[in-house]
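Dumped run-v8.pdb below, it's PDB, C-alpha atoms:
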ATOM      1  CA  MET G   1     127.696 103.164 200.543
ATOM      2  CA  LEU G   2     127.447 102.012 204.165
ATOM      3  CA  ARG G   3     130.159 104.444 205.239
ATOM      4  CA  ASP G   4     128.588 107.248 203.212
ATOM      5  CA  GLN G   5     125.197 106.583 204.829
ATOM      6  CA  PHE G   6     126.485 108.192 208.010
ATOM      7  CA  THR G   7     129.341 110.402 206.813
ATOM      8  CA  TRP G   8     127.111 112.560 204.628
ATOM      9  CA  HIS G   9     124.807 113.380 207.559
ATOM     10  CA  TRP G  10     127.750 113.804 209.936
ATOM     11  CA  ARG G  11     129.711 116.169 207.691
ATOM     12  CA  HIS G  12     126.836 118.161 206.217
ATOM     13  CA  LEU G  13     124.229 118.282 208.981
ATOM     14  CA  LEU G  14     125.081 116.889 212.401
ATOM     15  CA  ARG G  15     128.613 118.002 213.288
ATOM     16  CA  GLU G  16     127.961 121.621 212.393
ATOM     17  CA  ARG G  17     124.858 121.593 214.608
ATOM     18  CA  LEU G  18     126.982 120.501 217.582
ATOM     19  CA  THR G  19     129.614 123.209 217.180
ATOM     20  CA  GLY G  20     129.513 125.901 219.849
ATOM     21  CA  MET G  21     127.685 123.822 222.441
ATOM     22  CA  THR G  22     128.090 125.386 225.878
ATOM     23  CA  ASP G  23     128.607 123.557 229.138
ATOM     24  CA  ASP G  24     125.216 124.875 230.294
ATOM     25  CA  GLU G  25     123.534 123.192 227.304
ATOM     26  CA  TYR G  26     125.557 120.027 227.749
ATOM     27  CA  PHE G  27     124.494 119.559 231.380
ATOM     28  CA  TRP G  28     120.996 121.118 231.137
ATOM     29  CA  GLU G  29     118.315 119.002 232.819
ATOM     30  CA  PRO G  30     114.973 119.878 231.213
ATOM     31  CA  ALA G  31     113.004 117.398 233.354
ATOM     32  CA  PRO G  32     113.159 116.473 237.047
ATOM     33  CA  GLY G  33     115.196 113.351 237.777
ATOM     34  CA  SER G  34     117.013 113.444 234.442
ATOM     35  CA  TRP G  35     119.910 111.093 233.943
ATOM     36  CA  SER G  36     123.145 112.831 233.028
ATOM     37  CA  VAL G  37     126.904 112.793 233.251
ATOM     38  CA  ARG G  38     127.798 114.437 236.543
ATOM     39  CA  PRO G  39     130.560 114.786 239.129
ATOM     40  CA  ARG G  40     131.357 111.592 241.002
ATOM     41  CA  GLY G  41     129.205 111.215 244.107
ATOM     42  CA  THR G  42     126.295 113.292 242.788
ATOM     43  CA  GLY G  43     124.546 110.680 240.625
ATOM     44  CA  VAL G  44     120.798 110.157 240.841
ATOM     45  CA  ALA G  45     120.522 106.657 239.342
ATOM     46  CA  PRO G  46     121.036 103.220 240.906
ATOM     47  CA  VAL G  47     124.192 102.751 238.822
ATOM     48  CA  GLN G  48     126.854 105.442 238.420
ATOM     49  CA  ALA G  49     129.705 104.418 236.172
ATOM     50  CA  GLY G  50     132.910 106.076 235.060
ATOM     51  CA  ALA G  51     136.644 105.959 235.648
ATOM     52  CA  GLY G  52     137.359 109.642 236.222
ATOM     53  CA  ALA G  53     135.896 112.651 237.971
ATOM     54  CA  MET G  54     132.590 112.273 236.102
ATOM     55  CA  ILE G  55     130.054 109.420 236.110
ATOM     56  CA  ILE G  56     127.093 108.503 233.914
ATOM     57  CA  ASP G  57     123.700 107.609 235.435
ATOM     58  CA  PHE G  58     121.936 104.395 234.467
ATOM     59  CA  ALA G  59     120.160 101.311 235.792
ATOM     60  CA  PHE G  60     119.810  97.727 234.716
ATOM     61  CA  PRO G  61     117.157  96.892 234.024
ATOM     62  CA  GLU G  62     116.099 100.337 232.895
ATOM     63  CA  PRO G  63     113.075 101.689 234.821
ATOM     64  CA  ASP G  64     109.739 102.008 233.044
ATOM     65  CA  PRO G  65     109.286 104.755 232.133
ATOM     66  CA  ALA G  66     112.957 105.516 231.636
ATOM     67  CA  PRO G  67     114.169 108.862 233.002
ATOM     68  CA  PHE G  68     114.693 111.725 230.585
ATOM     69  CA  THR G  69     118.337 111.946 229.492
ATOM     70  CA  THR G  70     120.429 115.086 229.013
ATOM     71  CA  ILE G  71     122.676 115.976 226.098
ATOM     72  CA  ALA G  72     125.622 114.901 228.265
ATOM     73  CA  TRP G  73     124.046 111.483 228.848
ATOM     74  CA  ARG G  74     123.161 111.000 225.173
ATOM     75  CA  LEU G  75     126.660 111.957 224.029
ATOM     76  CA  GLY G  76     128.138 109.646 226.685
ATOM     77  CA  HIS G  77     125.926 106.793 225.482
ATOM     78  CA  VAL G  78     126.817 107.356 221.823
ATOM     79  CA  THR G  79     130.526 107.805 222.517
ATOM     80  CA  VAL G  80     130.886 104.767 224.775
ATOM     81  CA  GLY G  81     128.006 102.325 224.261
ATOM     82  CA  VAL G  82     127.493 102.813 220.549
ATOM     83  CA  LEU G  83     131.022 103.589 219.313
ATOM     84  CA  ALA G  84     133.926 103.016 221.724
ATOM     85  CA  MET G  85     132.865  99.529 222.798
ATOM     86  CA  ARG G  86     132.382  98.524 219.132
ATOM     87  CA  ASN G  87     135.672 100.158 218.164
ATOM     88  CA  ALA G  88     137.357  98.064 220.871
ATOM     89  CA  SER G  89     135.641  94.861 219.769
ATOM     90  CA  HIS G  90     136.179  95.252 216.045
ATOM     91  CA  PHE G  91     138.779  97.902 215.209
ATOM     92  CA  GLY G  92     141.637  97.677 217.713
ATOM     93  CA  ARG G  93     140.705 100.417 220.166
ATOM     94  CA  ASP G  94     141.748  99.834 223.783
ATOM     95  CA  PRO G  95     139.014  97.939 225.676
ATOM     96  CA  VAL G  96     136.472 100.195 227.352
ATOM     97  CA  ASP G  97     132.956 100.142 228.778
ATOM     98  CA  TYR G  98     130.671 102.450 230.751
ATOM     99  CA  TYR G  99     132.608 101.731 233.967
ATOM    100  CA  THR G 100     136.125 102.309 232.604
ATOM    101  CA  PHE G 101     135.488 105.347 230.396
ATOM    102  CA  ASP G 102     136.731 108.776 231.531
ATOM    103  CA  TYR G 103     133.693 110.989 230.813
ATOM    104  CA  ALA G 104     134.205 114.575 229.713
ATOM    105  CA  VAL G 105     134.020 117.445 232.159
ATOM    106  CA  THR G 106     133.009 119.954 229.460
ATOM    107  CA  ALA G 107     130.964 120.010 226.268
ATOM    108  CA  GLU G 108     134.108 120.733 224.265
ATOM    109  CA  GLN G 109     135.828 117.650 225.681
ATOM    110  CA  ALA G 110     132.738 115.511 225.029
ATOM    111  CA  LEU G 111     132.628 116.591 221.389
ATOM    112  CA  ALA G 112     136.346 115.849 221.014
ATOM    113  CA  GLN G 113     135.750 112.354 222.440
ATOM    114  CA  LEU G 114     132.854 111.864 220.023
ATOM    115  CA  ASP G 115     134.961 113.082 217.076
ATOM    116  CA  ASP G 116     137.723 110.606 217.978
ATOM    117  CA  GLU G 117     135.379 107.629 218.264
ATOM    118  CA  ILE G 118     133.556 108.508 215.035
ATOM    119  CA  ALA G 119     136.885 108.782 213.195
ATOM    120  CA  THR G 120     137.963 105.375 214.539
ATOM    121  CA  TRP G 121     134.612 103.831 213.583
ATOM    122  CA  LEU G 122     134.594 105.250 210.053
ATOM    123  CA  ASP G 123     138.218 104.224 209.448
ATOM    124  CA  GLY G 124     137.336 100.754 210.711
ATOM    125  CA  VAL G 125     134.287 100.467 208.472
ATOM    126  CA  GLU G 126     136.401 101.581 205.522
ATOM    127  CA  SER G 127     139.010  98.908 206.334
ATOM    128  CA  LEU G 128     136.455  96.080 206.238
ATOM    129  CA  GLY G 129     136.196  95.982 202.477
ATOM    130  CA  GLU G 130     133.644  93.794 200.747
ATOM    131  CA  ASP G 131     134.811  90.567 202.402
ATOM    132  CA  GLY G 132     134.866  92.072 205.870
ATOM    133  CA  LEU G 133     131.296  93.302 205.532
ATOM    134  CA  HIS G 134     130.157  89.698 204.953
ATOM    135  CA  ARG G 135     132.013  88.127 207.888
ATOM    136  CA  ALA G 136     130.164  87.384 211.122
ATOM    137  CA  CYS G 137     130.270  90.013 213.883
ATOM    138  CA  GLY G 138     131.516  87.518 216.438
ATOM    139  CA  GLU G 139     130.858  86.987 220.122
ATOM    140  CA  ALA G 140     131.262  90.687 221.030
ATOM    141  CA  GLU G 141     127.776  91.226 219.579
ATOM    142  CA  GLY G 142     126.057  88.616 221.782
ATOM    143  CA  HIS G 143     123.046  86.971 220.183
ATOM    144  CA  PHE G 144     123.858  88.853 216.932
ATOM    145  CA  ALA G 145     127.251  87.079 216.695
ATOM    146  CA  GLU G 146     126.353  85.301 213.449
ATOM    147  CA  ASP G 147     125.018  88.427 211.732
ATOM    148  CA  PRO G 148     127.261  89.996 209.088
ATOM    149  CA  MET G 149     129.302  93.094 209.905
ATOM    150  CA  SER G 150     127.218  94.993 207.335
ATOM    151  CA  ARG G 151     124.184  94.575 209.613
ATOM    152  CA  LEU G 152     126.181  95.923 212.569
ATOM    153  CA  VAL G 153     127.304  98.925 210.503
ATOM    154  CA  LEU G 154     123.694  99.690 209.562
ATOM    155  CA  HIS G 155     122.609  99.360 213.188
ATOM    156  CA  ILE G 156     125.362 101.655 214.495
ATOM    157  CA  HIS G 157     124.568 104.275 211.866
ATOM    158  CA  ARG G 158     120.861 104.192 212.795
ATOM    159  CA  GLU G 159     121.837 104.634 216.449
ATOM    160  CA  LEU G 160     124.128 107.552 215.650
ATOM    161  CA  LEU G 161     121.567 109.335 213.465
ATOM    162  CA  HIS G 162     118.806 108.747 216.011
ATOM    163  CA  HIS G 163     120.670 109.918 219.116
ATOM    164  CA  LEU G 164     122.524 112.806 217.486
ATOM    165  CA  ALA G 165     119.229 114.101 216.048
ATOM    166  CA  GLU G 166     117.885 114.023 219.621
ATOM    167  CA  VAL G 167     120.890 116.060 220.762
ATOM    168  CA  CYS G 168     120.191 118.640 218.042
ATOM    169  CA  LEU G 169     116.563 118.859 219.118
ATOM    170  CA  LEU G 170     117.595 119.336 222.755
ATOM    171  CA  ARG G 171     119.938 122.131 221.681
ATOM    172  CA  ASP G 172     117.020 123.845 219.919
ATOM    173  CA  LEU G 173     114.792 123.379 222.961
ATOM    174  CA  TYR G 174     117.481 124.768 225.257
ATOM    175  CA  LEU G 175     117.989 127.839 223.084
ATOM    176  CA  HIS G 176     114.261 128.534 222.860
ATOM    177  CA  THR G 177     113.373 127.886 226.495
ATOM    178  CA  GLN G 178     116.402 129.657 227.932
ATOM    179  CA  ASN G 179     115.715 132.621 225.598
ATOM    180  CA  GLU G 180     119.399 132.753 224.626
ATOM    181  CA  GLY G 181     120.127 133.651 221.046
ATOM    182  CA  VAL G 182     116.469 133.994 220.114
ATOM    183  CA  GLN G 183     115.830 137.009 217.901
ATOM    184  CA  GLY G 184     112.628 137.594 215.955
ATOM    185  CA  GLY G 185     111.536 133.972 216.220
ATOM    186  CA  GLN G 186     114.840 132.661 214.823
ATOM    187  CA  VAL G 187     117.693 131.092 216.709
ATOM    188  CA  SER G 188     120.898 132.975 216.001
ATOM    189  CA  GLY G 189     123.138 131.192 213.537
ATOM    190  CA  ARG G 190     120.458 128.768 212.349
ATOM    191  CA  GLY G 191     117.389 128.781 210.205
ATOM    192  CA  SER G 192     114.170 127.425 211.618
ATOM    193  CA  SER G 193     114.359 123.682 212.056
TER     194      SER G 193
END

Have the structure of the file written as structure tokens, please.
Amino acid sequence: MLRDQFTWHWRHLLRERLTGMTDDEYFWEPAPGSWSVRPRGTGVAPVQAGAGAMIIDFAFPEPDPAPFTTIAWRLGHVTVGVLAMRNASHFGRDPVDYYTFDYAVTAEQALAQLDDEIATWLDGVESLGEDGLHRACGEAEGHFAEDPMSRLVLHIHRELLHHLAEVCLLRDLYLHTQNEGVQGGQVSGRGSS
């Protein structure tokens, strides 16, 4: 049931909504000073992390109010901070963090990275079995170390649903404000949402 909580939304609602994302959408900055994933040396935040040609903007502690974040930033956060780091801690993925991840240069690459991390996560959740869901998360989860893995699974699924819904909303906003694909009040290829 825990695995199905996310997989149903992923397979029937979310993944289809991400298909066809353009690079313009992926990098679109709808607000001044937005945090994003961008070419090395062009970051706008106090911290710019990444192992490759692209970096992700962030700060610690986060400013108040926090800057608006692009689709690229949100997908980077979900792929690395929500999934890849947990996959490394719990399911045998190579260790990774915001500083050592090689962020995508294109929307297509970012979605492929997301697909890979989601597949690893879901396979890992499946492998836990009943006993594994009751075991403690361990030190990788900081002050939640004693919480059961089932609580971590629920948390990660909430994070995925929350952030990927934001990405879908940003796609809708991009399509409507950029006047691309808008015909008769409907966005091409989608019903009103």

Residue list as number ranges by chain for point (124.4, 105.7, 236.4), cut-off 12 Å, all atoms listed in the file:
G: 34-50, 54-62, 67, 69, 73, 76-77, 98-99

Can you work out the spacing between atom CA of G:Pro148 and atom CA of G:Met1 in Å, to one decimal?
15.7 Å

So which residues touch G:Gly92 within 12 Å, counting all atoms listed in the file, skipping near sequence neighbours fewer than 3 positions away, as a PyMOL selection string?
chain G and resi 84-89+95-96+117+120-121+123-124+127

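Among the candidates G:His143, G:Ser150, G:Phe101, G:Leu122, the residue lying nearest to G:Phe6 is G:Leu122 (atoms considered: all atoms listed in the file).
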
List the spatial neighbours of G:Gln178 as a PDB file with C-alpha atoms, keeping the file's coordinate frame - criterion: any atom at most 12 Å away, all atoms listed in the file, same-chain residues fewer than 4 positions off excluded.
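Result saved to selection-v2.pdb:
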ATOM      1  CA  ASP G  24     125.216 124.875 230.294  1.00  0.00           C
ATOM      2  CA  GLU G  25     123.534 123.192 227.304  1.00  0.00           C
ATOM      3  CA  TRP G  28     120.996 121.118 231.137  1.00  0.00           C
ATOM      4  CA  GLU G  29     118.315 119.002 232.819  1.00  0.00           C
ATOM      5  CA  PRO G  30     114.973 119.878 231.213  1.00  0.00           C
ATOM      6  CA  LEU G 170     117.595 119.336 222.755  1.00  0.00           C
ATOM      7  CA  ARG G 171     119.938 122.131 221.681  1.00  0.00           C
ATOM      8  CA  ASP G 172     117.020 123.845 219.919  1.00  0.00           C
ATOM      9  CA  LEU G 173     114.792 123.379 222.961  1.00  0.00           C
ATOM     10  CA  TYR G 174     117.481 124.768 225.257  1.00  0.00           C
ATOM     11  CA  VAL G 182     116.469 133.994 220.114  1.00  0.00           C
ATOM     12  CA  VAL G 187     117.693 131.092 216.709  1.00  0.00           C
TER      13      VAL G 187
END

What separation in Å, quoted to one decimal, exists between atom CA of G:Val80 and atom CA of G:Leu114?
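So the answer is 8.8 Å.
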
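Of note, atom CA of G:Leu83 and atom CA of G:Ile118 are spaced 7.0 Å apart.
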
Mind telling me what the PyMOL selection byres ((chain G and resi 111) around 10) catches here, as a PyMOL selection string?
chain G and resi 15+18-21+72+75-76+79+104+106-110+112-117

Could you save the residues just selected, with C-alpha atoms, as a PDB file, keeping the file's coordinate frame?
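That gives us again_36.pdb:
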ATOM      1  CA  ARG G  15     128.613 118.002 213.288  1.00  0.00           C
ATOM      2  CA  LEU G  18     126.982 120.501 217.582  1.00  0.00           C
ATOM      3  CA  THR G  19     129.614 123.209 217.180  1.00  0.00           C
ATOM      4  CA  GLY G  20     129.513 125.901 219.849  1.00  0.00           C
ATOM      5  CA  MET G  21     127.685 123.822 222.441  1.00  0.00           C
ATOM      6  CA  ALA G  72     125.622 114.901 228.265  1.00  0.00           C
ATOM      7  CA  LEU G  75     126.660 111.957 224.029  1.00  0.00           C
ATOM      8  CA  GLY G  76     128.138 109.646 226.685  1.00  0.00           C
ATOM      9  CA  THR G  79     130.526 107.805 222.517  1.00  0.00           C
ATOM     10  CA  ALA G 104     134.205 114.575 229.713  1.00  0.00           C
ATOM     11  CA  THR G 106     133.009 119.954 229.460  1.00  0.00           C
ATOM     12  CA  ALA G 107     130.964 120.010 226.268  1.00  0.00           C
ATOM     13  CA  GLU G 108     134.108 120.733 224.265  1.00  0.00           C
ATOM     14  CA  GLN G 109     135.828 117.650 225.681  1.00  0.00           C
ATOM     15  CA  ALA G 110     132.738 115.511 225.029  1.00  0.00           C
ATOM     16  CA  ALA G 112     136.346 115.849 221.014  1.00  0.00           C
ATOM     17  CA  GLN G 113     135.750 112.354 222.440  1.00  0.00           C
ATOM     18  CA  LEU G 114     132.854 111.864 220.023  1.00  0.00           C
ATOM     19  CA  ASP G 115     134.961 113.082 217.076  1.00  0.00           C
ATOM     20  CA  ASP G 116     137.723 110.606 217.978  1.00  0.00           C
ATOM     21  CA  GLU G 117     135.379 107.629 218.264  1.00  0.00           C
TER      22      GLU G 117
END

Write out as lines of an AutoDock Vina configuration file an axis-aligned box for stretch 84-87 of chain G: all of its atoms listed in the file, 5 Å added on each side, centre and edge lengths in Å with one decimal.
center_x = 134.0
center_y = 100.8
center_z = 220.5
size_x = 13.3
size_y = 14.5
size_z = 14.6

Which residue is closest to G:Thr70? Choose from G:Phe91, G:Tyr103, G:Phe144, G:Tyr26 and count all atoms listed in the file.
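Under the stated criterion, the closest residue is G:Tyr26.
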
Using all atoms listed in the file, the best pick from G:Ile71, G:Leu133, G:Leu160, G:Val167 as closest to G:Asp147 would be G:Leu133

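When the PyMOL selection byres ((chain G and resi 9) around 12) is evaluated against the file, it yields G:Arg3, G:Asp4, G:Gln5, G:Phe6, G:Thr7, G:Trp8, G:Trp10, G:Arg11, G:His12, G:Leu13, G:Leu14, G:Arg15, G:Glu16, G:Arg17, G:His157, G:Arg158, G:Leu160, G:Leu161, G:His162, G:Leu164, G:Ala165.
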
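You can rank G:Asp102, G:His90, G:Glu159, G:Ala119 by their closest distance to G:Arg135 using all atoms listed in the file, and at the top of that list sits G:His90.
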
Output as a PDB file, in the coordinates of the input: stretch 101-127 of chain G, completed with N, CA and C atoms.
ATOM      1  N   PHE G 101     135.325 104.157 231.229  1.00  0.00           N
ATOM      2  CA  PHE G 101     135.488 105.347 230.396  1.00  0.00           C
ATOM      3  C   PHE G 101     135.657 106.577 231.275  1.00  0.00           C
ATOM      4  N   ASP G 102     136.493 107.512 230.825  1.00  0.00           N
ATOM      5  CA  ASP G 102     136.731 108.776 231.531  1.00  0.00           C
ATOM      6  C   ASP G 102     135.856 109.842 230.863  1.00  0.00           C
ATOM      7  N   TYR G 103     134.671 110.069 231.410  1.00  0.00           N
ATOM      8  CA  TYR G 103     133.693 110.989 230.813  1.00  0.00           C
ATOM      9  C   TYR G 103     134.162 112.438 230.872  1.00  0.00           C
ATOM     10  N   ALA G 104     133.797 113.181 229.861  1.00  0.00           N
ATOM     11  CA  ALA G 104     134.205 114.575 229.713  1.00  0.00           C
ATOM     12  C   ALA G 104     133.639 115.453 230.817  1.00  0.00           C
ATOM     13  N   VAL G 105     134.419 116.457 231.161  1.00  0.00           N
ATOM     14  CA  VAL G 105     134.020 117.445 232.159  1.00  0.00           C
ATOM     15  C   VAL G 105     133.330 118.633 231.490  1.00  0.00           C
ATOM     16  N   THR G 106     133.575 118.822 230.194  1.00  0.00           N
ATOM     17  CA  THR G 106     133.009 119.954 229.460  1.00  0.00           C
ATOM     18  C   THR G 106     132.395 119.466 228.145  1.00  0.00           C
ATOM     19  N   ALA G 107     131.558 120.309 227.573  1.00  0.00           N
ATOM     20  CA  ALA G 107     130.964 120.010 226.268  1.00  0.00           C
ATOM     21  C   ALA G 107     132.051 119.887 225.212  1.00  0.00           C
ATOM     22  N   GLU G 108     133.019 120.762 225.245  1.00  0.00           N
ATOM     23  CA  GLU G 108     134.108 120.733 224.265  1.00  0.00           C
ATOM     24  C   GLU G 108     134.857 119.403 224.325  1.00  0.00           C
ATOM     25  N   GLN G 109     135.146 118.939 225.529  1.00  0.00           N
ATOM     26  CA  GLN G 109     135.828 117.650 225.681  1.00  0.00           C
ATOM     27  C   GLN G 109     134.951 116.502 225.182  1.00  0.00           C
ATOM     28  N   ALA G 110     133.656 116.566 225.471  1.00  0.00           N
ATOM     29  CA  ALA G 110     132.738 115.511 225.029  1.00  0.00           C
ATOM     30  C   ALA G 110     132.684 115.435 223.509  1.00  0.00           C
ATOM     31  N   LEU G 111     132.662 116.586 222.854  1.00  0.00           N
ATOM     32  CA  LEU G 111     132.628 116.591 221.389  1.00  0.00           C
ATOM     33  C   LEU G 111     133.943 116.084 220.812  1.00  0.00           C
ATOM     34  N   ALA G 112     135.058 116.379 221.469  1.00  0.00           N
ATOM     35  CA  ALA G 112     136.346 115.849 221.014  1.00  0.00           C
ATOM     36  C   ALA G 112     136.376 114.327 221.160  1.00  0.00           C
ATOM     37  N   GLN G 113     135.832 113.806 222.265  1.00  0.00           N
ATOM     38  CA  GLN G 113     135.750 112.354 222.440  1.00  0.00           C
ATOM     39  C   GLN G 113     134.880 111.729 221.349  1.00  0.00           C
ATOM     40  N   LEU G 114     133.751 112.353 221.068  1.00  0.00           N
ATOM     41  CA  LEU G 114     132.854 111.864 220.023  1.00  0.00           C
ATOM     42  C   LEU G 114     133.555 111.882 218.666  1.00  0.00           C
ATOM     43  N   ASP G 115     134.226 112.979 218.346  1.00  0.00           N
ATOM     44  CA  ASP G 115     134.961 113.082 217.076  1.00  0.00           C
ATOM     45  C   ASP G 115     135.977 111.949 216.938  1.00  0.00           C
ATOM     46  N   ASP G 116     136.710 111.671 218.011  1.00  0.00           N
ATOM     47  CA  ASP G 116     137.723 110.606 217.978  1.00  0.00           C
ATOM     48  C   ASP G 116     137.097 109.240 217.726  1.00  0.00           C
ATOM     49  N   GLU G 117     136.011 108.944 218.422  1.00  0.00           N
ATOM     50  CA  GLU G 117     135.379 107.629 218.264  1.00  0.00           C
ATOM     51  C   GLU G 117     134.729 107.489 216.888  1.00  0.00           C
ATOM     52  N   ILE G 118     134.142 108.565 216.380  1.00  0.00           N
ATOM     53  CA  ILE G 118     133.556 108.508 215.035  1.00  0.00           C
ATOM     54  C   ILE G 118     134.654 108.281 214.001  1.00  0.00           C
ATOM     55  N   ALA G 119     135.777 108.969 214.144  1.00  0.00           N
ATOM     56  CA  ALA G 119     136.885 108.782 213.195  1.00  0.00           C
ATOM     57  C   ALA G 119     137.383 107.339 213.222  1.00  0.00           C
ATOM     58  N   THR G 120     137.519 106.770 214.420  1.00  0.00           N
ATOM     59  CA  THR G 120     137.963 105.375 214.539  1.00  0.00           C
ATOM     60  C   THR G 120     136.948 104.434 213.893  1.00  0.00           C
ATOM     61  N   TRP G 121     135.672 104.665 214.158  1.00  0.00           N
ATOM     62  CA  TRP G 121     134.612 103.831 213.583  1.00  0.00           C
ATOM     63  C   TRP G 121     134.629 103.900 212.054  1.00  0.00           C
ATOM     64  N   LEU G 122     134.657 105.108 211.511  1.00  0.00           N
ATOM     65  CA  LEU G 122     134.594 105.250 210.053  1.00  0.00           C
ATOM     66  C   LEU G 122     135.840 104.668 209.378  1.00  0.00           C
ATOM     67  N   ASP G 123     137.009 104.852 209.982  1.00  0.00           N
ATOM     68  CA  ASP G 123     138.218 104.224 209.448  1.00  0.00           C
ATOM     69  C   ASP G 123     138.087 102.705 209.494  1.00  0.00           C
ATOM     70  N   GLY G 124     137.523 102.199 210.581  1.00  0.00           N
ATOM     71  CA  GLY G 124     137.336 100.754 210.711  1.00  0.00           C
ATOM     72  C   GLY G 124     136.370 100.205 209.678  1.00  0.00           C
ATOM     73  N   VAL G 125     135.271 100.901 209.475  1.00  0.00           N
ATOM     74  CA  VAL G 125     134.287 100.467 208.472  1.00  0.00           C
ATOM     75  C   VAL G 125     134.943 100.461 207.097  1.00  0.00           C
ATOM     76  N   GLU G 126     135.694 101.501 206.805  1.00  0.00           N
ATOM     77  CA  GLU G 126     136.401 101.581 205.522  1.00  0.00           C
ATOM     78  C   GLU G 126     137.352 100.401 205.345  1.00  0.00           C
ATOM     79  N   SER G 127     138.018  99.988 206.417  1.00  0.00           N
ATOM     80  CA  SER G 127     139.010  98.908 206.334  1.00  0.00           C
ATOM     81  C   SER G 127     138.387  97.532 206.119  1.00  0.00           C
TER      82      SER G 127
END
